[in-house]
Every structure is written in structure tokens, then in C-alpha cells.
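Peer 1: Structure: work.txt, compact mmCIF, C-alpha atoms and all ligand atoms.
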```
# COMPACT_ATOMS: atom_id res chain seq x y z
CA MET B 152 58.69 51.35 7.91
CA LEU B 153 56.28 51.49 4.98
CA VAL B 154 53.93 54.46 5.18
CA ILE B 155 50.92 55.18 2.97
CA GLU B 156 49.23 58.56 3.34
CA SER B 157 45.83 59.60 1.99
CA LEU B 158 46.14 57.55 -1.17
CA ASN B 159 43.41 57.82 -3.82
CA PHE B 160 43.35 55.70 -6.94
CA SER B 161 40.99 55.44 -9.93
CA TYR B 162 40.86 53.14 -12.93
CA GLY B 163 39.84 55.76 -15.49
CA HIS B 164 36.83 57.44 -13.94
CA VAL B 165 36.11 54.65 -11.49
CA GLN B 166 37.56 55.40 -8.08
CA THR B 167 38.81 52.18 -6.49
CA LEU B 168 40.80 53.31 -3.43
CA TYR B 169 39.69 56.15 -1.13
CA ASP B 170 41.94 58.04 1.27
CA ILE B 171 44.03 55.03 2.30
CA SER B 172 46.46 55.62 5.17
CA MET B 173 48.49 52.76 6.64
CA VAL B 174 51.69 52.06 8.52
CA MET B 175 53.54 48.76 8.22
CA ARG B 176 56.33 48.12 10.69
CA PRO B 177 59.69 46.39 10.21
CA GLY B 178 59.93 43.02 11.91
CA SER B 179 56.21 42.45 11.67
CA ILE B 180 53.60 40.96 9.39
CA THR B 181 50.58 43.09 8.49
CA ALA B 182 47.51 41.51 6.93
CA ILE B 183 45.37 43.33 4.37
CA MET B 184 41.97 41.71 4.38
CA GLY B 185 38.62 42.15 2.70
CA ARG B 186 36.19 40.39 0.43
CA ASN B 187 36.70 39.87 -3.30
CA GLY B 188 36.94 43.04 -5.35
CA VAL B 189 37.40 45.53 -2.47
CA GLY B 190 40.74 46.78 -3.82
CA LYS B 191 43.44 44.66 -2.13
CA THR B 192 45.39 43.90 -5.31
CA THR B 193 44.95 47.46 -6.53
CA LEU B 194 46.54 48.69 -3.30
CA ILE B 195 49.47 46.26 -3.61
CA ARG B 196 49.99 47.34 -7.23
CA ASN B 197 50.04 50.96 -6.09
CA ILE B 198 52.73 50.17 -3.53
CA ALA B 199 54.82 48.31 -6.12
CA GLY B 200 54.37 51.09 -8.69
CA LEU B 201 52.43 48.97 -11.20
CA ALA B 202 49.49 51.34 -10.71
CA ARG B 203 49.91 55.07 -10.06
CA CYS B 204 47.80 56.86 -7.48
CA GLN B 205 46.14 60.19 -8.37
CA SER B 206 46.93 61.62 -4.95
CA GLY B 207 48.59 60.65 -1.70
CA ASN B 208 52.04 59.28 -1.04
CA ILE B 209 53.97 56.15 -0.28
CA ARG B 210 57.39 55.98 1.35
CA ILE B 211 59.84 53.60 3.00
CA GLY B 212 61.27 55.42 5.99
CA GLU B 213 62.23 58.83 4.57
CA THR B 214 62.46 57.59 0.99
CA GLU B 215 59.62 58.80 -1.18
CA LEU B 216 58.39 56.15 -3.65
CA THR B 217 55.27 57.77 -5.06
CA SER B 218 56.79 59.13 -8.30
CA LEU B 219 59.09 56.15 -8.98
CA PRO B 220 58.47 53.42 -11.58
CA PRO B 221 58.30 49.76 -10.46
CA HIS B 222 61.97 48.86 -11.10
CA ALA B 223 63.16 51.87 -9.10
CA ARG B 224 60.88 50.92 -6.22
CA ALA B 225 62.30 47.39 -6.35
CA ARG B 226 65.80 48.94 -6.00
CA LYS B 227 64.56 50.87 -2.97
CA GLY B 228 63.58 47.62 -1.32
CA ILE B 229 60.08 46.64 -2.46
CA GLY B 230 59.64 42.94 -3.30
CA LEU B 231 56.41 41.64 -4.82
CA VAL B 232 54.84 38.18 -4.85
CA PRO B 233 51.90 38.83 -7.18
CA GLN B 234 48.46 37.27 -7.03
CA GLY B 235 48.42 34.15 -9.21
CA ARG B 236 52.23 33.84 -8.79
CA GLN B 237 53.13 34.85 -12.36
CA ILE B 238 56.23 32.72 -12.60
CA PHE B 239 57.76 32.12 -16.04
CA PRO B 240 56.67 28.62 -17.12
CA LYS B 241 59.30 28.23 -19.86
CA LEU B 242 62.20 29.27 -17.64
CA THR B 243 63.86 26.95 -15.15
CA VAL B 244 63.52 27.40 -11.40
CA GLU B 245 67.05 28.85 -11.28
CA GLU B 246 66.31 31.29 -14.15
CA ASN B 247 63.07 32.39 -12.52
CA ILE B 248 64.91 33.23 -9.30
CA GLN B 249 67.72 34.96 -11.23
CA ILE B 250 65.18 37.44 -12.59
CA GLY B 251 64.67 38.61 -9.01
CA LEU B 252 68.38 39.41 -8.66
CA GLN B 253 67.95 42.47 -10.90
CA ALA B 254 66.35 44.37 -8.03
CA ARG B 255 69.46 44.10 -5.83
CA LYS B 256 71.72 46.97 -4.93
CA ASP B 257 74.78 44.73 -5.27
CA THR B 258 75.42 43.07 -8.63
CA ILE B 259 75.67 39.40 -7.77
CA LYS B 260 74.64 37.09 -10.59
CA LYS B 261 74.32 33.88 -8.62
CA VAL B 262 71.27 32.97 -6.55
CA PRO B 263 72.30 33.08 -2.85
CA GLU B 264 72.38 29.59 -1.32
CA GLU B 265 70.37 30.96 1.59
CA ILE B 266 67.33 31.06 -0.68
CA TYR B 267 67.67 27.41 -1.61
CA GLU B 268 68.15 26.56 2.06
CA MET B 269 64.84 28.24 2.79
CA PHE B 270 63.11 26.29 -0.01
CA PRO B 271 64.80 22.86 -0.32
CA ILE B 272 62.30 21.73 -2.94
CA LEU B 273 63.52 24.50 -5.25
CA ALA B 274 67.12 23.38 -4.76
CA GLN B 275 66.08 19.90 -5.77
CA PHE B 276 64.17 21.18 -8.84
CA ARG B 277 66.71 23.89 -9.81
CA SER B 278 66.78 22.91 -13.49
CA ARG B 279 63.09 22.02 -13.96
CA TYR B 280 60.79 24.33 -15.86
CA GLY B 281 58.66 26.61 -13.69
CA GLY B 282 55.59 25.41 -15.56
CA ASP B 283 56.22 21.81 -14.47
CA LEU B 284 56.00 22.61 -10.75
CA SER B 285 52.88 22.13 -8.61
CA GLY B 286 50.90 25.18 -7.51
CA GLY B 287 52.49 25.16 -4.07
CA GLN B 288 55.98 24.84 -5.52
CA GLN B 289 55.28 27.71 -7.91
CA GLN B 290 54.17 29.82 -4.97
CA GLN B 291 57.44 29.08 -3.20
CA LEU B 292 59.26 29.97 -6.41
CA ALA B 293 57.45 33.32 -6.60
CA ILE B 294 58.51 34.05 -3.02
CA ALA B 295 62.10 32.97 -3.72
CA ARG B 296 62.19 35.27 -6.78
CA ALA B 297 61.06 38.22 -4.67
CA LEU B 298 63.59 37.40 -1.93
CA ALA B 299 66.39 37.26 -4.52
CA GLY B 300 66.01 41.04 -4.77
CA ASP B 301 66.94 41.36 -1.08
CA PRO B 302 63.81 43.38 -0.21
CA GLN B 303 63.17 45.40 2.93
CA VAL B 304 59.44 45.25 2.28
CA LEU B 305 57.85 42.04 1.02
CA LEU B 306 54.35 42.28 -0.50
CA LEU B 307 52.45 39.00 -0.91
CA ASP B 308 49.08 38.95 -2.65
CA GLU B 309 47.03 35.92 -1.52
CA PRO B 310 49.90 33.42 -1.40
CA THR B 311 47.68 30.69 0.08
CA GLU B 312 45.16 30.75 -2.79
CA GLY B 313 44.77 27.17 -4.01
CA ILE B 314 47.73 25.83 -2.02
CA GLN B 315 47.73 22.66 0.10
CA PRO B 316 47.81 23.04 3.91
CA ASN B 317 51.34 21.72 4.56
CA ILE B 318 52.85 24.23 2.12
CA ILE B 319 50.75 27.05 3.60
CA GLN B 320 52.18 26.14 6.99
CA SER B 321 55.72 26.11 5.70
CA ILE B 322 55.26 29.49 3.96
CA GLY B 323 53.87 30.90 7.21
CA GLY B 324 56.95 29.73 9.09
CA ILE B 325 59.27 31.31 6.53
CA LEU B 326 57.46 34.66 6.66
CA GLN B 327 57.68 34.75 10.45
CA GLN B 328 61.36 33.92 10.26
CA LEU B 329 62.00 36.71 7.73
CA ALA B 330 60.22 39.24 9.92
CA ARG B 331 62.11 38.13 13.00
CA THR B 332 65.63 37.56 11.70
CA LYS B 333 65.81 40.16 8.91
CA SER B 334 63.46 42.77 10.36
CA MET B 335 61.59 42.65 7.11
CA THR B 336 58.32 44.56 6.73
CA ILE B 337 55.85 41.97 5.47
CA VAL B 338 52.51 42.89 3.92
CA LEU B 339 50.21 39.94 3.38
CA VAL B 340 46.98 40.19 1.42
CA GLU B 341 44.97 37.29 2.74
CA GLN B 342 41.40 36.02 2.95
CA TYR B 343 42.24 32.87 4.90
CA LEU B 344 41.39 33.98 8.43
CA ASP B 345 43.09 31.19 10.40
CA PHE B 346 46.37 31.93 8.63
CA VAL B 347 46.04 35.65 9.42
CA LYS B 348 45.38 34.90 13.08
CA LYS B 349 48.28 32.50 13.24
CA ILE B 350 51.09 34.51 11.66
CA THR B 351 50.27 38.24 11.47
CA ASN B 352 50.85 40.96 14.06
CA TYR B 353 48.66 43.72 12.62
CA PHE B 354 45.74 43.93 10.22
CA TYR B 355 43.76 46.32 8.06
CA VAL B 356 40.39 45.55 6.56
CA LEU B 357 39.26 47.13 3.27
CA ASN B 358 35.69 47.45 2.15
CA ARG B 359 34.79 49.06 -1.18
CA GLY B 360 38.15 50.75 -1.40
CA ARG B 361 38.23 52.17 2.12
CA VAL B 362 40.00 51.17 5.31
CA VAL B 363 37.16 50.15 7.64
CA ALA B 364 39.13 48.53 10.46
CA GLY B 365 42.68 47.97 11.65
CA GLY B 366 44.78 47.21 14.68
CA GLU B 367 46.64 44.38 16.33
CA THR B 368 45.59 40.99 15.04
CA LYS B 369 44.90 39.78 18.58
CA ASP B 370 42.08 42.37 18.69
CA LEU B 371 40.47 41.30 15.39
CA SER B 372 36.89 40.90 16.58
CA GLU B 373 34.03 38.64 15.55
CA GLU B 374 32.07 41.79 14.77
CA ILE B 375 34.63 42.97 12.21
CA ILE B 376 34.79 39.47 10.77
CA SER B 377 31.04 39.16 10.29
CA LEU B 378 30.61 42.73 9.03
CA HIS B 379 33.48 42.88 6.54
CA LEU B 380 34.97 39.45 5.96
CA LYS B 381 32.36 36.71 5.99
CA VAL B 382 30.87 35.98 2.59
N1 LIG L 401 42.57 46.88 -14.73
C1 LIG L 401 41.40 47.24 -14.20
N2 LIG L 401 40.60 48.14 -14.80
C2 LIG L 401 39.41 48.52 -14.26
N3 LIG L 401 38.92 48.06 -13.10
C3 LIG L 401 39.68 47.15 -12.44
C4 LIG L 401 40.94 46.69 -12.95
N4 LIG L 401 41.45 45.80 -12.06
C5 LIG L 401 40.55 45.69 -11.06
N5 LIG L 401 39.48 46.51 -11.28
C6 LIG L 401 38.32 46.69 -10.39
O1 LIG L 401 38.78 47.32 -9.20
C7 LIG L 401 38.13 46.76 -8.06
C8 LIG L 401 39.16 46.21 -7.10
O2 LIG L 401 39.82 45.09 -7.68
P1 LIG L 401 41.03 44.33 -6.98
O3 LIG L 401 41.56 43.36 -7.95
O4 LIG L 401 41.96 45.33 -6.42
O5 LIG L 401 40.28 43.60 -5.78
P2 LIG L 401 40.78 42.48 -4.76
O6 LIG L 401 40.36 42.94 -3.40
O7 LIG L 401 42.21 42.19 -4.98
O8 LIG L 401 39.91 41.20 -5.17
P3 LIG L 401 40.25 39.62 -5.08
O9 LIG L 401 40.07 39.23 -3.66
O10 LIG L 401 39.23 38.98 -5.96
O11 LIG L 401 41.65 39.41 -5.58
C9 LIG L 401 37.17 45.71 -8.59
O12 LIG L 401 35.89 46.30 -8.71
C10 LIG L 401 37.73 45.37 -9.96
O13 LIG L 401 36.71 44.95 -10.83
MG MG L 402 43.24 40.53 -5.51
```
I need this file expressed as C-alpha cells, please.
Ligand SMILES: Nc1ncnc2c1ncn2[C@@H]1O[C@H](COP(=O)(O)OP(=O)(O)OP(=O)(O)O)[C@@H](O)[C@H]1O
Ligand SMILES: [Mg+2]

Peer 2:
Amino acid sequence: MLVIESLNFSYGHVQTLYDISMVMRPGSITAIMGRNGVGKTTLIRNIAGLARCQSGNIRIGETELTSLPPHARARKGIGLVPQGRQIFPKLTVEENIQIGLQARKDTIKKVPEEIYEMFPILAQFRSRYGGDLSGGQQQQLAIARALAGDPQVLLLDEPTEGIQPNIIQSIGGILQQLARTKSMTIVLVEQYLDFVKKITNYFYVLNRGRVVAGGETKDLSEEIISLHLKV
């Protein structure tokens, strides 16, 4: 279980996140929603340790993460699929995924076949450069890289941004499978409402750095949508 308690974060003097408290459960997918610029990525970066909160705390189960740097959090089970994918264009598919292996507790050096079974297109393009893949393939590569670290908690920041519908659908299926079969705790930043309704179990909505709504996705109301999500 990923727990965030009373987290406050500022960029310099500009406060961006206010008193954020959230619980994300193993075996489920939790959506973090909200319009552009409300603080979704900032929150994800705080969980991954790429940004450091001024107060509050973050833990997985009983394990406190708040004071740990990003690589130590990765070792404790946090996997990140960043916004914009950030794959390495001049490395091959295989090399990109190998970078994810560094976060593992064991010391295997070979990408587990299971990952290629999940993403057959990556198996086929193993020795191509990351930069030569399509956007959707790069997104799958970014997910594969995070999974190579064998995470307990998988953070995905807008994985459907600019991706074609059939790949979105396939990514959705994989996330549901990971939650179900590996009891993974999946945190999905997402603005694409239909995708949220289709694959997530719980949701939180941010507005101007605050949690303004949350609950089970089946209870996500039209009122919340028009108040906090519609552009
Ligand atoms: N490095 C930074 N320094 C200062 N301010 C920043 C920085 N990064 C983001 N911000 C500001 O913090 C606020 C939250 O940004 P953030 O990227 O977390 O939003 P977001 O909800 O992820 O938006 P989007 O949907 O566009 O990805 C915005 O006002 C943004 O301009
Ligand atoms: Mg963002």
C-alpha cells in the first residue's frame, strides 16, 4: 500500500501541492486526474523522489520513503513511467530495458523474457534504436523499462498522451493484468476520461495543487467531471 500523508511541496517560493493525503491499494489501479498544470506530475515526482516535499510523508507499507533519493526509492519498489516517456533514443530497445534492471533487489543482468512476452513488438525490435520506434512503441518501452525493476508500485504519468487507440487499449489490458496477477499498486495520471472509467478502480482529482475529490471510479460523477475536469 502506498500512503501519502499531508504532503506540501513548493518550487522555490511557489507552493504547488497543498496538504495531499492519498492511499493507493495493491491489486488496484488509482487514477490521478485534473486539468493541465494542477500538479499531477509534481506529485508523481515527489513520490519517485525526483522532487522533495517540504513537509508530509510517503511510505510503502511500513517503509518510509520520504527522506530517500530516487534510486533508493526504486530499490524499495517504486517504478516510474515518466511523462513524455524519456526513453534513450541512441540506445537499443534491449539496452533501454536493461537500464531498468538496476532498480532490482536481485542482480540479474538479462531482461526477463516475461517482459518481452508482455510486449511482443519490443521482442521483435530488440536491437533497434529507441529513437526509431513510434510514439506508442516508445511508450511500451518506457513501461517495460519500469517493469524491469520489478516494482511493487508502478507510477505512470499520462501514458496515453499522443498514442493511437489500439496501443492505448493494449496498455490498459497490461495494467489490469499487472494489478490482478502481481498485486501491483498502479498509479495512473490520466486526462483521458474513458480510459480512466474503463481500467481504474479508484480516483483522485487535483485542482490547483489540492485534492478536491476522490473515491471509487464507479462513483465519479458528472458534477465532478464538469467542475474539475472539463476544459
Ligand atoms: N521545475 C519547475 N519549476 C517551477 N514551477 C514548475 C516546475 N515544474 C512545474 N511547475 C509549475 O507547477 C505547476 C504544476 O505543474 P505540473 O507539471 O505538476 O502539472 P500537471 O498537472 O502535471 O500538468 P500537465 O497536465 O500539463 O502535465 C504548474 O503551475 C507549473 O507551471
Ligand atoms: Mg504533467

Peer 1: With distances taken over only C-alpha atoms, which of B:Ile319, B:Ala274, B:Val347, B:Leu168 is nearest to Ile248 (chain B)?

Peer 2: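 When distances to Ile248 (chain B) are compared using only C-alpha atoms, the smallest one comes from B:Ala274.
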
Peer 1: Please return as a compact mmCIF listing (two decimals) with C-alpha atoms, in the frame of the given file the residues found within 8 Å of ligand MG 402 (chain L), counting only C-alpha atoms and all ligand atoms.

Peer 2:
```txt
# COMPACT_ATOMS: atom_id res chain seq x y z
CA ASN B 187 36.70 39.87 -3.30
CA GLY B 188 36.94 43.04 -5.35
CA GLY B 190 40.74 46.78 -3.82
CA LYS B 191 43.44 44.66 -2.13
CA THR B 192 45.39 43.90 -5.31
CA THR B 193 44.95 47.46 -6.53
CA GLN B 234 48.46 37.27 -7.03
CA ASP B 308 49.08 38.95 -2.65
CA GLU B 309 47.03 35.92 -1.52
CA VAL B 340 46.98 40.19 1.42
```

Peer 1: Can you list every residue of chain B that has an atom at most 10 Å from ligand LIG 401 (chain L), with its nearest atom pair and the distance in Å to one decimal, using all atoms listed in the file, ordered by chain then number, as a tab-separated table?

Peer 2:
```
residue	atom	partner	partner_atom	distance
B:Phe160	CA	L:LIG401	O1	9.8
B:Ser161	CA	L:LIG401	N3	8.3
B:Tyr162	CA	L:LIG401	C2	5.0
B:Gly163	CA	L:LIG401	C2	7.4
B:His164	CA	L:LIG401	C2	9.3
B:Val165	CA	L:LIG401	N3	7.3
B:Gln166	CA	L:LIG401	O1	8.2
B:Thr167	CA	L:LIG401	O1	5.6
B:Leu168	CA	L:LIG401	C8	8.2
B:Ile183	CA	L:LIG401	O6	9.3
B:Met184	CA	L:LIG401	O6	8.0
B:Gly185	CA	L:LIG401	O6	6.4
B:Arg186	CA	L:LIG401	O9	5.8
B:Asn187	CA	L:LIG401	O9	3.4
B:Gly188	CA	L:LIG401	O5	3.4
B:Val189	CA	L:LIG401	O6	4.0
B:Gly190	CA	L:LIG401	O4	3.2
B:Lys191	CA	L:LIG401	O6	3.7
B:Thr192	CA	L:LIG401	O7	3.6
B:Thr193	CA	L:LIG401	O4	3.7
B:Leu194	CA	L:LIG401	O4	6.5
B:Ile195	CA	L:LIG401	O4	8.1
B:Arg196	CA	L:LIG401	O4	8.3
B:Asn197	CA	L:LIG401	O4	9.9
B:Ala202	CA	L:LIG401	N1	9.2
B:Gln234	CA	L:LIG401	O11	7.3
B:Gly235	CA	L:LIG401	O11	9.3
B:Asp308	CA	L:LIG401	O7	7.9
B:Glu309	CA	L:LIG401	O11	7.6
B:Glu312	CA	L:LIG401	O11	9.8
B:Val340	CA	L:LIG401	O7	8.2
B:Glu341	CA	L:LIG401	O9	8.3
B:Gln342	CA	L:LIG401	O9	7.5
B:Leu357	CA	L:LIG401	O6	8.0
B:Asn358	CA	L:LIG401	O6	8.5
B:Arg359	CA	L:LIG401	C8	7.9
B:Gly360	CA	L:LIG401	C8	7.4
```

Peer 1: Quick one: residues within 9 Å of Arg176 (chain B), all atoms listed in the file, excluding same-chain residues fewer than 3 positions away - as a PyMOL selection string?

Peer 2: chain B and resi 152-154+179-181+334-337

Peer 1: Counting only C-alpha atoms, which of B:Arg279, B:Gly286, B:Leu339, B:Ala299 gets nearest to Asp257 (chain B)?

Peer 2: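 Checking each candidate against Asp257 (chain B), we get B:Ala299 as the closest.
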
Peer 1: Expressed in Å to a single decimal, how great is the separation between CA of Asn159 (chain B) and CA of Ile209 (chain B)?

Peer 2: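 Atom-to-atom, CA of Asn159 (chain B) and CA of Ile209 (chain B) are spaced 11.3 Å apart.
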
Peer 1: Which residues are close to Gln315 (chain B), i.e. within 12 Å by only C-alpha atoms, leaving aside same-chain residues fewer than 4 positions away? Reply as a list in words.

Peer 2: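 The filter keeps Ser285, Gly286, Gly287, Gln288, Gln290, Pro310, Thr311, Ile319, Gln320, Ser321 and Ile322 of chain B.
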
Peer 1: One decimal, Å: what's the distance from CA of Arg255 (chain B) over to CA of Lys227 (chain B), could you say?

Peer 2: 8.8 Å
